[in-house]
$ cat structure23.cif   # mmCIF, C-alpha atoms
data_structure
loop_
_atom_site.label_atom_id
_atom_site.label_comp_id
_atom_site.auth_asym_id
_atom_site.auth_seq_id
_atom_site.Cartn_x
_atom_site.Cartn_y
_atom_site.Cartn_z
CA MET A 21 -15.33 38.47 13.18
CA ALA A 22 -14.80 35.06 14.80
CA LYS A 23 -11.64 33.24 13.77
CA VAL A 24 -12.13 29.88 12.05
CA LYS A 25 -10.27 27.08 13.79
CA PRO A 26 -7.85 25.48 11.30
CA SER A 27 -8.67 21.91 10.32
CA ILE A 28 -8.20 19.36 7.55
CA PRO A 29 -10.83 17.27 5.69
CA LYS A 30 -12.03 14.09 7.37
CA GLY A 31 -10.13 11.04 6.25
CA THR A 32 -6.87 12.97 5.71
CA ARG A 33 -3.94 13.49 8.06
CA ASP A 34 -0.90 15.66 8.73
CA PHE A 35 2.32 13.69 9.17
CA THR A 36 4.79 15.01 11.73
CA PRO A 37 8.56 14.66 11.13
CA GLY A 38 8.68 11.72 13.56
CA THR A 39 5.87 10.00 11.67
CA MET A 40 7.46 10.73 8.31
CA VAL A 41 10.71 9.08 9.38
CA LYS A 42 8.75 5.90 10.08
CA ARG A 43 6.73 6.16 6.86
CA ASP A 44 9.93 6.66 4.86
CA TYR A 45 11.32 3.54 6.52
CA ILE A 46 8.35 1.57 5.16
CA PHE A 47 8.58 3.11 1.68
CA ASP A 48 12.36 2.64 1.48
CA SER A 49 12.17 -0.97 2.67
CA ILE A 50 9.51 -1.81 0.09
CA LYS A 51 11.34 0.05 -2.68
CA VAL A 52 14.58 -1.88 -2.06
CA VAL A 53 12.74 -5.19 -2.56
CA PHE A 54 10.96 -3.94 -5.71
CA LYS A 55 14.28 -2.91 -7.25
CA LYS A 56 15.88 -6.22 -6.34
CA TYR A 57 13.33 -7.99 -8.56
CA GLY A 58 13.93 -5.70 -11.54
CA TYR A 59 10.91 -3.39 -11.32
CA GLN A 60 11.28 0.16 -12.68
CA PRO A 61 9.93 3.36 -11.04
CA LEU A 62 6.93 5.16 -12.53
CA GLU A 63 4.65 8.06 -11.58
CA THR A 64 1.34 9.18 -13.07
CA PRO A 65 -0.73 12.37 -12.44
CA SER A 66 -2.89 12.68 -9.33
CA MET A 67 -5.89 13.40 -11.56
CA GLU A 68 -7.13 11.44 -14.56
CA ASN A 69 -9.89 12.05 -17.07
CA ILE A 70 -13.09 10.81 -15.49
CA SER A 71 -13.65 8.58 -18.54
CA THR A 72 -10.41 6.77 -17.64
CA LEU A 73 -11.63 6.00 -14.12
CA THR A 74 -15.33 5.20 -14.42
CA GLY A 75 -16.53 1.69 -15.17
CA LYS A 76 -13.30 0.01 -14.00
CA TYR A 77 -14.00 -0.54 -10.30
CA GLY A 78 -17.55 -1.80 -10.30
CA GLU A 79 -20.72 -0.19 -9.04
CA GLU A 80 -19.36 0.34 -5.52
CA GLY A 81 -16.05 1.76 -6.72
CA ASP A 82 -17.60 4.32 -9.07
CA LYS A 83 -19.54 5.77 -6.13
CA LEU A 84 -16.29 6.39 -4.26
CA LEU A 85 -14.56 8.44 -6.98
CA PHE A 86 -13.61 12.00 -6.05
CA ARG A 87 -14.64 14.19 -8.99
CA ILE A 88 -13.04 17.56 -9.72
CA LEU A 89 -15.20 20.47 -10.83
CA ASN A 90 -14.26 21.92 -14.22
CA SER A 91 -12.26 25.14 -13.94
CA GLY A 92 -13.87 28.51 -14.60
CA ASN A 93 -17.64 28.66 -14.86
CA TYR A 94 -18.32 24.94 -14.51
CA LEU A 95 -22.07 25.55 -14.90
CA SER A 96 -21.74 27.15 -18.33
CA GLN A 97 -22.72 23.95 -20.16
CA VAL A 98 -25.67 23.21 -17.86
CA THR A 99 -29.20 24.33 -18.73
CA GLU A 100 -31.45 25.76 -16.06
CA GLU A 101 -33.73 22.76 -16.45
CA GLU A 102 -30.84 20.32 -15.87
CA LEU A 103 -29.65 22.31 -12.87
CA TYR A 104 -32.97 22.22 -11.07
CA SER A 105 -33.74 18.62 -12.03
CA LYS A 106 -30.88 17.46 -9.75
CA GLU A 107 -30.36 14.43 -11.99
CA LEU A 108 -26.77 13.56 -11.12
CA ASN A 109 -26.26 11.18 -14.06
CA THR A 110 -27.00 14.04 -16.45
CA LEU A 111 -25.45 16.86 -14.46
CA THR A 112 -22.15 15.36 -13.30
CA PRO A 113 -20.54 14.74 -16.75
CA LYS A 114 -21.17 18.38 -17.68
CA ILE A 115 -19.54 19.92 -14.61
CA SER A 116 -16.73 17.45 -13.99
CA ASP A 117 -14.52 15.76 -16.58
CA LYS A 118 -11.62 14.89 -14.26
CA GLY A 119 -11.21 12.95 -11.03
CA LEU A 120 -8.60 12.01 -8.43
CA ARG A 121 -7.18 8.55 -9.06
CA TYR A 122 -8.89 5.73 -7.14
CA ASP A 123 -5.94 3.36 -7.40
CA LEU A 124 -2.64 3.06 -9.30
CA THR A 125 -3.56 0.10 -11.53
CA VAL A 126 -6.01 1.75 -13.91
CA PRO A 127 -3.72 4.77 -14.48
CA PHE A 128 -0.91 2.25 -15.10
CA ALA A 129 -3.00 0.48 -17.76
CA ARG A 130 -3.74 3.86 -19.36
CA PHE A 131 0.00 4.66 -19.31
CA VAL A 132 0.90 1.35 -20.96
CA VAL A 133 -1.53 1.95 -23.82
CA GLN A 134 -0.50 5.58 -24.26
CA HIS A 135 3.25 4.78 -24.23
CA ARG A 136 3.22 1.29 -25.76
CA GLY A 137 5.72 2.35 -28.42
CA GLU A 138 8.26 3.34 -25.76
CA ILE A 139 8.22 0.28 -23.47
CA THR A 140 9.35 -3.32 -23.81
CA PHE A 141 7.05 -6.18 -22.81
CA PRO A 142 6.89 -7.75 -20.34
CA PHE A 143 7.02 -4.38 -18.59
CA LYS A 144 7.72 -4.38 -14.84
CA ARG A 145 7.07 -1.21 -12.86
CA TYR A 146 6.68 -0.06 -9.28
CA GLN A 147 4.78 3.03 -8.18
CA ILE A 148 4.46 4.65 -4.74
CA GLN A 149 1.91 7.49 -4.73
CA PRO A 150 -1.27 8.64 -2.95
CA VAL A 151 -4.79 7.68 -4.05
CA TRP A 152 -8.20 9.03 -3.00
CA ARG A 153 -11.52 7.37 -2.21
CA ALA A 154 -14.71 9.03 -0.98
CA ASP A 155 -15.12 6.36 1.67
CA LYS A 156 -16.42 6.70 5.21
CA PRO A 157 -13.35 7.37 7.38
CA GLN A 158 -12.68 4.82 10.12
CA LYS A 159 -9.79 3.04 11.82
CA GLY A 160 -7.41 1.85 9.13
CA ARG A 161 -9.48 3.40 6.33
CA TYR A 162 -8.76 6.89 5.01
CA ARG A 163 -9.90 9.08 2.13
CA GLU A 164 -6.33 9.88 1.15
CA PHE A 165 -3.73 7.15 1.45
CA TYR A 166 -0.60 5.82 -0.18
CA GLN A 167 -0.32 2.64 -2.21
CA CYS A 168 2.94 0.89 -3.05
CA ASP A 169 2.24 -1.01 -6.27
CA VAL A 170 4.30 -3.46 -8.27
CA ASP A 171 2.98 -4.85 -11.58
CA VAL A 172 4.18 -6.80 -14.57
CA ILE A 173 2.22 -6.50 -17.81
CA GLY A 174 2.56 -8.26 -21.15
CA SER A 175 3.00 -11.82 -19.86
CA ASP A 176 0.52 -14.64 -19.16
CA SER A 177 3.03 -16.74 -17.18
CA LEU A 178 2.01 -17.80 -13.68
CA LEU A 179 5.66 -17.39 -12.71
CA ASN A 180 4.77 -13.71 -12.31
CA GLU A 181 2.28 -14.63 -9.59
CA VAL A 182 4.93 -16.76 -7.91
CA GLU A 183 7.39 -13.85 -7.99
CA LEU A 184 4.81 -11.51 -6.46
CA ILE A 185 4.21 -13.96 -3.62
CA LYS A 186 7.95 -14.02 -3.00
CA ILE A 187 8.03 -10.20 -3.02
CA ILE A 188 5.18 -10.09 -0.47
CA ASP A 189 7.02 -12.57 1.73
CA GLU A 190 10.29 -10.66 1.52
CA VAL A 191 8.77 -7.21 2.17
CA PHE A 192 7.01 -8.34 5.33
CA THR A 193 10.11 -10.26 6.47
CA VAL A 194 12.14 -7.03 6.15
CA LEU A 195 9.44 -5.13 8.05
CA ASN A 196 9.42 -7.84 10.75
CA LEU A 197 5.70 -8.59 10.36
CA LYS A 198 4.16 -12.06 10.35
CA VAL A 199 1.42 -12.36 7.73
CA THR A 200 -0.84 -14.85 5.99
CA ILE A 201 -0.85 -14.64 2.19
CA LYS A 202 -4.23 -15.72 0.85
CA ILE A 203 -4.70 -16.54 -2.82
CA ASN A 204 -7.66 -17.52 -4.97
CA ASN A 205 -8.64 -17.30 -8.62
CA ARG A 206 -11.57 -15.34 -10.04
CA LYS A 207 -12.21 -18.29 -12.37
CA VAL A 208 -13.12 -20.28 -9.26
CA LEU A 209 -15.81 -17.69 -8.52
CA LYS A 210 -16.96 -17.75 -12.15
CA GLY A 211 -17.18 -21.51 -11.85
CA LEU A 212 -19.34 -21.04 -8.75
CA ALA A 213 -21.70 -18.77 -10.70
CA ASP A 214 -21.95 -21.46 -13.41
CA TYR A 215 -22.53 -24.12 -10.74
CA LEU A 216 -25.44 -22.04 -9.43
CA ASN A 217 -26.80 -21.61 -13.00
CA ASN A 218 -26.45 -17.85 -12.56
CA SER A 219 -23.55 -16.92 -14.83
CA ASP A 220 -25.13 -13.53 -15.49
CA LYS A 221 -25.01 -12.83 -11.74
CA PHE A 222 -21.25 -13.39 -11.46
CA MET A 223 -20.48 -9.86 -10.26
CA ASP A 224 -23.40 -9.88 -7.81
CA ILE A 225 -22.12 -13.14 -6.35
CA THR A 226 -18.56 -11.80 -6.17
CA ILE A 227 -19.60 -8.55 -4.48
CA ALA A 228 -21.65 -10.47 -1.89
CA ILE A 229 -18.90 -12.99 -1.13
CA ASP A 230 -16.39 -10.13 -0.80
CA LYS A 231 -18.39 -9.02 2.25
CA LEU A 232 -18.24 -12.45 3.92
CA GLU A 233 -15.81 -11.39 6.64
CA LYS A 234 -18.01 -8.41 7.58
CA ILE A 235 -21.51 -9.90 7.37
CA GLY A 236 -21.00 -13.66 7.77
CA VAL A 237 -22.43 -16.62 5.84
CA GLU A 238 -26.07 -15.78 6.52
CA GLY A 239 -25.51 -12.15 5.60
CA VAL A 240 -24.00 -13.15 2.26
CA LYS A 241 -26.94 -15.47 1.52
CA LYS A 242 -29.39 -12.71 2.40
CA GLU A 243 -27.61 -10.24 0.10
CA LEU A 244 -27.63 -12.77 -2.76
CA VAL A 245 -31.41 -13.07 -2.43
CA GLN A 246 -31.69 -9.28 -2.44
CA ARG A 247 -29.63 -9.28 -5.65
CA GLY A 248 -32.21 -11.47 -7.36
CA ILE A 249 -30.91 -15.01 -6.87
CA ASN A 250 -33.49 -17.65 -5.95
CA GLU A 251 -33.41 -18.78 -2.30
CA THR A 252 -33.23 -22.46 -3.27
CA ILE A 253 -30.17 -21.77 -5.42
CA VAL A 254 -28.61 -19.64 -2.70
CA GLU A 255 -28.73 -22.62 -0.34
CA LYS A 256 -26.45 -24.50 -2.76
CA ILE A 257 -23.72 -21.96 -1.99
CA ASP A 258 -23.68 -22.74 1.73
CA PRO A 259 -21.06 -25.57 1.60
CA PHE A 260 -18.81 -23.35 -0.53
CA LEU A 261 -18.99 -20.46 1.95
CA ARG A 262 -17.97 -22.80 4.77
CA LEU A 263 -14.85 -24.18 3.05
CA GLY A 264 -11.73 -23.66 5.14
CA ALA A 265 -8.48 -22.05 3.99
CA ASP A 266 -6.20 -24.09 6.25
CA ASN A 267 -6.49 -27.41 4.42
CA TYR A 268 -5.18 -26.99 0.87
CA SER A 269 -5.57 -30.61 -0.26
CA GLY A 270 -9.05 -31.03 1.23
CA THR A 271 -10.33 -27.68 -0.08
CA LYS A 272 -8.91 -28.37 -3.54
CA GLN A 273 -10.58 -31.78 -3.71
CA SER A 274 -13.94 -30.40 -2.52
CA LEU A 275 -13.81 -27.78 -5.29
CA LYS A 276 -12.90 -30.38 -7.89
CA ASP A 277 -16.00 -32.33 -6.89
CA ILE A 278 -18.19 -29.19 -7.11
CA PHE A 279 -16.74 -27.98 -10.42
CA SER A 280 -16.53 -31.28 -12.28
CA GLY A 281 -17.26 -30.41 -15.91
CA ILE A 282 -17.39 -26.65 -15.26
CA GLU A 283 -14.60 -25.12 -17.41
CA ASP A 284 -13.90 -21.90 -15.52
CA GLY A 285 -13.91 -23.62 -12.14
CA GLU A 286 -11.55 -26.35 -13.30
CA LYS A 287 -9.22 -23.81 -14.92
CA GLY A 288 -9.09 -21.74 -11.75
CA ILE A 289 -8.10 -24.79 -9.68
CA GLU A 290 -5.53 -25.83 -12.28
CA GLU A 291 -3.83 -22.40 -12.23
CA THR A 292 -3.80 -22.40 -8.43
CA GLU A 293 -2.23 -25.87 -8.38
CA GLU A 294 0.54 -24.69 -10.73
CA ILE A 295 1.35 -21.76 -8.44
CA PHE A 296 1.54 -24.00 -5.36
CA ASP A 297 3.77 -26.45 -7.27
CA TYR A 298 6.24 -23.63 -8.00
CA LEU A 299 6.08 -22.40 -4.40
CA GLU A 300 7.39 -25.77 -3.21
CA SER A 301 10.76 -24.78 -4.72
CA LEU A 302 10.97 -21.59 -2.66
CA GLU A 303 11.77 -20.85 0.96
CA LEU A 304 9.08 -18.62 2.44
CA ASN A 305 8.89 -17.09 5.90
CA ASN A 306 5.11 -16.64 5.83
CA GLU A 307 2.13 -18.91 5.26
CA VAL A 308 0.39 -19.10 1.89
CA GLU A 309 -3.24 -20.26 1.94
CA PHE A 310 -5.66 -21.13 -0.84
CA ASP A 311 -8.95 -19.46 0.14
CA PRO A 312 -11.70 -20.05 -2.46
CA LYS A 313 -13.92 -17.47 -0.71
CA LEU A 314 -11.46 -14.65 -1.36
CA ALA A 315 -13.18 -12.37 -3.90
CA ARG A 316 -11.52 -8.93 -4.21
CA GLY A 317 -14.32 -6.60 -5.28
CA LEU A 318 -12.71 -4.85 -8.26
CA ASP A 319 -14.25 -5.70 -11.64
CA TYR A 320 -11.03 -5.90 -13.62
CA TYR A 321 -9.55 -8.99 -11.91
CA THR A 322 -9.82 -12.13 -14.05
CA GLY A 323 -7.36 -14.70 -12.66
CA THR A 324 -5.27 -15.15 -9.52
CA ILE A 325 -6.11 -12.76 -6.68
CA PHE A 326 -4.13 -12.02 -3.51
CA GLU A 327 -4.89 -10.70 -0.05
CA VAL A 328 -2.53 -10.39 2.91
CA LYS A 329 -3.53 -10.26 6.58
CA ALA A 330 -1.35 -9.44 9.58
CA LYS A 331 -1.21 -12.38 12.01
CA GLU A 332 -0.44 -10.45 15.20
CA THR A 333 -3.33 -7.96 15.09
CA GLU A 334 -6.70 -7.47 13.41
CA ILE A 335 -6.86 -4.62 10.90
CA GLY A 336 -8.07 -6.02 7.57
CA SER A 337 -6.08 -6.46 4.39
CA ILE A 338 -2.61 -4.84 4.33
CA CYS A 339 -1.76 -5.94 0.80
CA GLY A 340 -3.78 -7.23 -2.15
CA GLY A 341 -3.96 -7.54 -5.89
CA GLY A 342 -4.47 -9.91 -8.77
CA ARG A 343 -4.33 -10.67 -12.48
CA TYR A 344 -6.19 -8.57 -15.04
CA ASP A 345 -6.29 -10.10 -18.53
CA ASP A 346 -7.61 -7.18 -20.54
CA LEU A 347 -7.60 -3.96 -18.52
CA THR A 348 -5.67 -2.28 -21.32
CA GLY A 349 -8.38 -3.42 -23.73
CA VAL A 350 -10.75 -0.71 -22.53
CA PHE A 351 -8.15 1.81 -23.72
CA GLY A 352 -7.70 0.15 -27.11
CA LEU A 353 -4.88 -2.36 -26.55
CA LYS A 354 -6.38 -5.86 -26.54
CA ASP A 355 -5.02 -9.12 -25.14
CA VAL A 356 -2.30 -7.71 -22.87
CA SER A 357 -2.43 -9.51 -19.54
CA GLY A 358 -1.00 -8.09 -16.34
CA VAL A 359 -0.76 -8.95 -12.67
CA GLY A 360 0.15 -6.83 -9.69
CA ILE A 361 -0.08 -6.25 -5.96
CA SER A 362 -0.52 -3.18 -3.80
CA PHE A 363 0.90 -2.67 -0.31
CA GLY A 364 -1.30 -0.46 1.87
CA ALA A 365 1.22 1.85 3.54
CA GLU A 366 -1.29 3.33 6.02
CA ARG A 367 -2.39 0.00 7.46
CA ILE A 368 1.15 -1.35 7.49
CA PHE A 369 2.16 1.75 9.47
CA ASP A 370 -0.70 1.26 11.94
CA VAL A 371 0.20 -2.41 12.44
CA MET A 372 3.91 -1.66 12.98
CA GLU A 373 3.12 1.19 15.37
CA LYS A 374 0.71 -0.94 17.40
CA LEU A 375 3.14 -3.87 17.60
CA GLY A 376 6.23 -1.72 18.22
CA LYS A 377 7.98 -3.05 15.11
CA PHE A 378 9.86 0.10 14.12
CA PRO A 379 13.60 0.09 14.88
CA GLU A 380 14.75 2.23 17.79
CA HIS A 381 16.07 5.77 17.24
CA MET A 382 14.00 6.37 14.12
CA GLN A 383 12.39 9.60 15.27
CA SER A 384 15.55 11.59 14.48
CA LEU A 385 17.58 11.68 11.30
CA THR A 386 20.40 13.28 13.29
CA GLU A 387 22.95 10.81 14.62
CA VAL A 388 24.92 13.28 16.74
CA LEU A 389 24.27 16.80 18.06
CA PHE A 390 27.20 19.11 18.81
CA VAL A 391 26.82 21.38 21.84
CA ASN A 392 27.23 25.13 21.23
CA PHE A 393 29.70 26.71 23.74
CA GLY A 394 30.34 29.92 21.81
CA LYS A 395 32.11 31.27 18.74
CA GLU A 396 35.59 29.78 19.22
CA GLU A 397 34.30 26.29 20.09
CA VAL A 398 31.76 26.43 17.26
CA LYS A 399 34.56 26.91 14.69
CA HIS A 400 36.08 23.59 15.75
CA ALA A 401 32.69 21.88 15.93
CA LEU A 402 31.82 22.99 12.38
CA LYS A 403 35.00 21.35 11.05
CA TYR A 404 34.11 18.08 12.76
CA ILE A 405 30.51 18.23 11.57
CA GLN A 406 31.66 18.66 7.98
CA ILE A 407 33.92 15.61 8.28
CA LEU A 408 31.02 13.55 9.67
CA ARG A 409 28.61 14.69 6.97
CA ASN A 410 31.17 13.93 4.25
CA SER A 411 31.31 10.42 5.72
CA GLY A 412 27.53 10.09 5.40
CA ILE A 413 26.79 10.57 9.12
CA PRO A 414 23.91 13.00 9.88
CA ALA A 415 25.18 15.62 12.33
CA GLU A 416 24.08 19.07 13.44
CA LEU A 417 25.09 21.92 15.71
CA TYR A 418 22.73 23.51 18.23
CA PRO A 419 22.33 27.04 16.78
CA ASP A 420 22.32 29.05 20.02
CA ASN A 421 24.82 29.33 22.90
CA ALA A 422 22.21 28.21 25.40
CA LYS A 423 22.46 26.41 28.73
CA MET A 424 23.66 22.80 28.51
CA LYS A 425 20.42 21.56 30.05
CA LYS A 426 18.41 23.16 27.24
CA GLN A 427 20.67 21.73 24.53
CA PHE A 428 20.54 18.23 26.05
CA SER A 429 16.76 18.52 26.37
CA TYR A 430 16.59 19.39 22.66
CA ALA A 431 18.59 16.25 21.82
CA ASN A 432 16.28 14.11 23.94
CA SER A 433 13.13 15.58 22.40
CA LEU A 434 14.37 14.56 18.93
CA ASN A 435 15.59 11.18 20.19
CA VAL A 436 19.17 11.97 19.11
CA ARG A 437 21.36 9.10 20.29
CA TYR A 438 24.66 10.97 20.80
CA VAL A 439 25.72 14.45 21.97
CA ALA A 440 29.23 15.69 21.10
CA ILE A 441 31.02 18.11 23.39
CA VAL A 442 33.85 20.28 22.07
CA GLY A 443 34.91 22.70 24.81
CA GLN A 444 38.25 24.32 25.66
CA ASP A 445 39.63 21.11 27.23
CA GLU A 446 38.69 19.06 24.16
CA ILE A 447 40.23 21.65 21.81
CA LYS A 448 43.56 21.51 23.72
CA SER A 449 43.54 17.69 23.68
CA GLY A 450 42.36 17.36 20.07
CA VAL A 451 39.45 15.11 21.07
CA ILE A 452 35.66 15.08 21.17
CA THR A 453 33.71 13.98 24.24
CA LEU A 454 30.82 11.79 23.08
CA LYS A 455 27.87 11.17 25.37
CA ASP A 456 25.48 8.26 24.79
CA MET A 457 22.05 9.69 25.68
CA ASP A 458 20.66 6.20 26.36
CA SER A 459 23.28 4.89 28.78
CA GLY A 460 24.71 8.21 29.97
CA GLU A 461 28.24 6.91 29.30
CA GLN A 462 30.90 9.28 27.95
CA GLU A 463 34.11 8.63 26.01
CA GLU A 464 36.80 10.74 24.40
CA LEU A 465 37.44 10.15 20.70
CA THR A 466 39.46 11.68 17.91
CA VAL A 467 37.42 12.78 14.92
CA ASP A 468 38.58 9.65 13.04
CA GLY A 469 37.53 7.52 15.99
CA LEU A 470 34.14 9.26 16.03
CA VAL A 471 33.61 8.58 12.33
CA LYS A 472 34.51 4.92 12.84
CA LYS A 473 32.16 4.52 15.81
CA LEU A 474 29.16 6.19 14.16
CA SER A 475 29.70 4.44 10.82
#

$ encode --input "structure23.cif" --output "structure tokens"
Amino acid sequence: MAKVKPSIPKGTRDFTPGTMVKRDYIFDSIKVVFKKYGYQPLETPSMENISTLTGKYGEEGDKLLFRILNSGNYLSQVTEEELYSKELNTLTPKISDKGLRYDLTVPFARFVVQHRGEITFPFKRYQIQPVWRADKPQKGRYREFYQCDVDVIGSDSLLNEVELIKIIDEVFTVLNLKVTIKINNRKVLKGLADYLNNSDKFMDITIAIDKLEKIGVEGVKKELVQRGINETIVEKIDPFLRLGADNYSGTKQSLKDIFSGIEDGEKGIEETEEIFDYLESLELNNEVEFDPKLARGLDYYTGTIFEVKAKETEIGSICGGGRYDDLTGVFGLKDVSGVGISFGAERIFDVMEKLGKFPEHMQSLTEVLFVNFGKEEVKHALKYIQILRNSGIPAELYPDNAKMKKQFSYANSLNVRYVAIVGQDEIKSGVITLKDMDSGEQEELTVDGLVKKLS
């Protein structure tokens, strides 16, 4: 019998220890900023009831849900006629009542409703967990990936949006990445639908505009026609699609002219103006642009929306989010507004790797490796290692009494910065010989001196 070559599903990845050190650096850096702004940690299950997930992400999103077959005989509730009809809309609900979460926001809304008696509003939480989407795998897009979310729910104040912009700016400053923070308001897009006399086609217009970067102006116009909007009306959208994002005052005035007398459009501009007014009081390291063409395809967004792009390389959005005025309403808790953002850990990793933005000596958690010369020397080394570890310095001993060349090669392969030598001469002198594996320089130190140097 032929052996099956081991593999993993497309769109998923194994993470080596060296990769995990870098990923943990991203997660830890983001988490520190979240905590600084008063957000509390939260986790929800990997799977949710399918009724919780469906209908929240729009037509495109529902197609990308990973459904889980019911345990046991999942066909027990299916008639023979239904089975052979291959009607998925009838068949799927009977064989699958759970699914892997598509994002962290909808499960968060479900959590808020389910635990509303235990939390205080406004409720600020952060969540760092994997999500799954049945998407076509490609560069920067995976079927299993981590999101780092931060949300505040139970407050209508636009100061929450301002705080999230500051969090975005601070996270990417810590990670040493230059980004552009784009913002818009879904009310601007609703105003556009009203301007085109196609209010009932709001979601069709939004979905088409969300593809602008991929298919261009003409592609968007073609898709709008395919979605049932008259060609003459579609031509009215052309000036809007060509508005720039680099001229805030000019873009704002152009929109005011277009939306004069259109309530949603005017409200969207007004909210955006308020955010920019607050931002003038803050020092930011990254650019913030008002881009009226920014759409964000998810159905539940109702107000301000965000998208972040890396400036030094092309990879798509590395962070995004927005305000949702009544996501909890679908679970029975009306009129509770929330706003949040999600950092895409996978794309951030790819950008940092490509640009060489990770700090040096991250591949190893070990700060110093002690050489193994044999039993007597090991006894001394173990005492020193314990002192280092008690001082919070990661240290280890090579387990075998092997040739020095092999032990040094091991240190190099793990990118360990220092090698400590405790031989007979060092034992007599009460010192440790420390070798810097980068420079090749050696120095003799007492254990207290070693602790001080490595701290």

$ closest_residue --input "structure23.cif" --among "A:Phe351, A:Tyr430, A:Phe363, A:Phe390" --to "Cys168 of chain A" --atoms "all atoms listed in the file"
A:Phe363

$ resolve_selection --input "structure23.cif" --expression "the PyMOL selection byres ((chain A and resi 210) around 8)" --output "PyMOL selection string"
chain A and resi 206-209+211-214+219+222+284-285

$ resolve_selection --input "structure23.cif" --expression "the PyMOL selection byres ((chain A and resi 407-409) around 10)" --output "PyMOL selection string"
chain A and resi 387-388+401-406+410-416+467-468+470-472+474-475

$ resolve_selection --input "structure23.cif" --expression "the PyMOL selection byres ((chain A and resi 266) around 10)" --output "list in words"
Leu263, Gly264, Ala265, Asn267, Tyr268, Ser269, Gly270, Thr271, Glu307, Val308, Glu309, Phe310 and Asp311 of chain A

$ residues_around --input "structure23.cif" --residues "segment 442-445 of chain A" --least-positions-apart "2" --cutoff "9 Å" --atoms "only C-alpha atoms" --output "PDB file with C-alpha atoms, in the coordinates of the input"
ATOM      1  CA  PHE A 390      27.200  19.110  18.810  1.00  0.00           C
ATOM      2  CA  VAL A 391      26.820  21.380  21.840  1.00  0.00           C
ATOM      3  CA  ASN A 392      27.230  25.130  21.230  1.00  0.00           C
ATOM      4  CA  PHE A 393      29.700  26.710  23.740  1.00  0.00           C
ATOM      5  CA  GLU A 396      35.590  29.780  19.220  1.00  0.00           C
ATOM      6  CA  GLU A 397      34.300  26.290  20.090  1.00  0.00           C
ATOM      7  CA  VAL A 398      31.760  26.430  17.260  1.00  0.00           C
ATOM      8  CA  HIS A 400      36.080  23.590  15.750  1.00  0.00           C
ATOM      9  CA  ALA A 401      32.690  21.880  15.930  1.00  0.00           C
ATOM     10  CA  ALA A 440      29.230  15.690  21.100  1.00  0.00           C
ATOM     11  CA  ILE A 447      40.230  21.650  21.810  1.00  0.00           C
ATOM     12  CA  LYS A 448      43.560  21.510  23.720  1.00  0.00           C
ATOM     13  CA  SER A 449      43.540  17.690  23.680  1.00  0.00           C
ATOM     14  CA  GLY A 450      42.360  17.360  20.070  1.00  0.00           C
ATOM     15  CA  VAL A 451      39.450  15.110  21.070  1.00  0.00           C
ATOM     16  CA  ILE A 452      35.660  15.080  21.170  1.00  0.00           C
ATOM     17  CA  THR A 453      33.710  13.980  24.240  1.00  0.00           C
TER      18      THR A 453
END

$ closest_residue --input "structure23.cif" --among "A:Glu80, A:Glu332, A:Asp34, A:Asp155" --to "Asp319 of chain A" --atoms "all atoms listed in the file"
A:Glu80

$ closest_residue --input "structure23.cif" --among "A:Glu255, A:Glu190, A:Glu290, A:Asp458" --to "Lys276 of chain A" --atoms "only C-alpha atoms"
A:Glu290

$ closest_residue --input "structure23.cif" --among "A:Arg136, A:Lys287, A:Arg145, A:Lys241" --to "Leu124 of chain A" --atoms "all atoms listed in the file"
A:Arg145

$ residues_around --input "structure23.cif" --residues "segment 90-100 of chain A" --least-positions-apart "3" --cutoff "8 Å" --atoms "all atoms listed in the file" --output "tab-separated table (two decimals) with C-alpha atoms, in the frame of the given file"
chain	number	residue	atom	x	y	z
A	103	LEU	CA	-29.65	22.31	-12.87
A	104	TYR	CA	-32.97	22.22	-11.07
A	111	LEU	CA	-25.45	16.86	-14.46
A	114	LYS	CA	-21.17	18.38	-17.68
A	115	ILE	CA	-19.54	19.92	-14.61
A	116	SER	CA	-16.73	17.45	-13.99
A	117	ASP	CA	-14.52	15.76	-16.58
A	118	LYS	CA	-11.62	14.89	-14.26

$ residues_near_point --input "structure23.cif" --point "(4.8, -9.5, 9.0)" --cutoff "9 Å" --atoms "only C-alpha atoms" --output "NGL selection string"
:A and (189 or 191-200 or 306 or 329-332 or 372)

$ write_last_selection --input "structure23.cif" --atoms "C-alpha atoms" --output "PDB file, keeping the file's coordinate frame"
ATOM      1  CA  ASP A 189       7.020 -12.570   1.730  1.00  0.00           C
ATOM      2  CA  VAL A 191       8.770  -7.210   2.170  1.00  0.00           C
ATOM      3  CA  PHE A 192       7.010  -8.340   5.330  1.00  0.00           C
ATOM      4  CA  THR A 193      10.110 -10.260   6.470  1.00  0.00           C
ATOM      5  CA  VAL A 194      12.140  -7.030   6.150  1.00  0.00           C
ATOM      6  CA  LEU A 195       9.440  -5.130   8.050  1.00  0.00           C
ATOM      7  CA  ASN A 196       9.420  -7.840  10.750  1.00  0.00           C
ATOM      8  CA  LEU A 197       5.700  -8.590  10.360  1.00  0.00           C
ATOM      9  CA  LYS A 198       4.160 -12.060  10.350  1.00  0.00           C
ATOM     10  CA  VAL A 199       1.420 -12.360   7.730  1.00  0.00           C
ATOM     11  CA  THR A 200      -0.840 -14.850   5.990  1.00  0.00           C
ATOM     12  CA  ASN A 306       5.110 -16.640   5.830  1.00  0.00           C
ATOM     13  CA  LYS A 329      -3.530 -10.260   6.580  1.00  0.00           C
ATOM     14  CA  ALA A 330      -1.350  -9.440   9.580  1.00  0.00           C
ATOM     15  CA  LYS A 331      -1.210 -12.380  12.010  1.00  0.00           C
ATOM     16  CA  GLU A 332      -0.440 -10.450  15.200  1.00  0.00           C
ATOM     17  CA  MET A 372       3.910  -1.660  12.980  1.00  0.00           C
TER      18      MET A 372
END
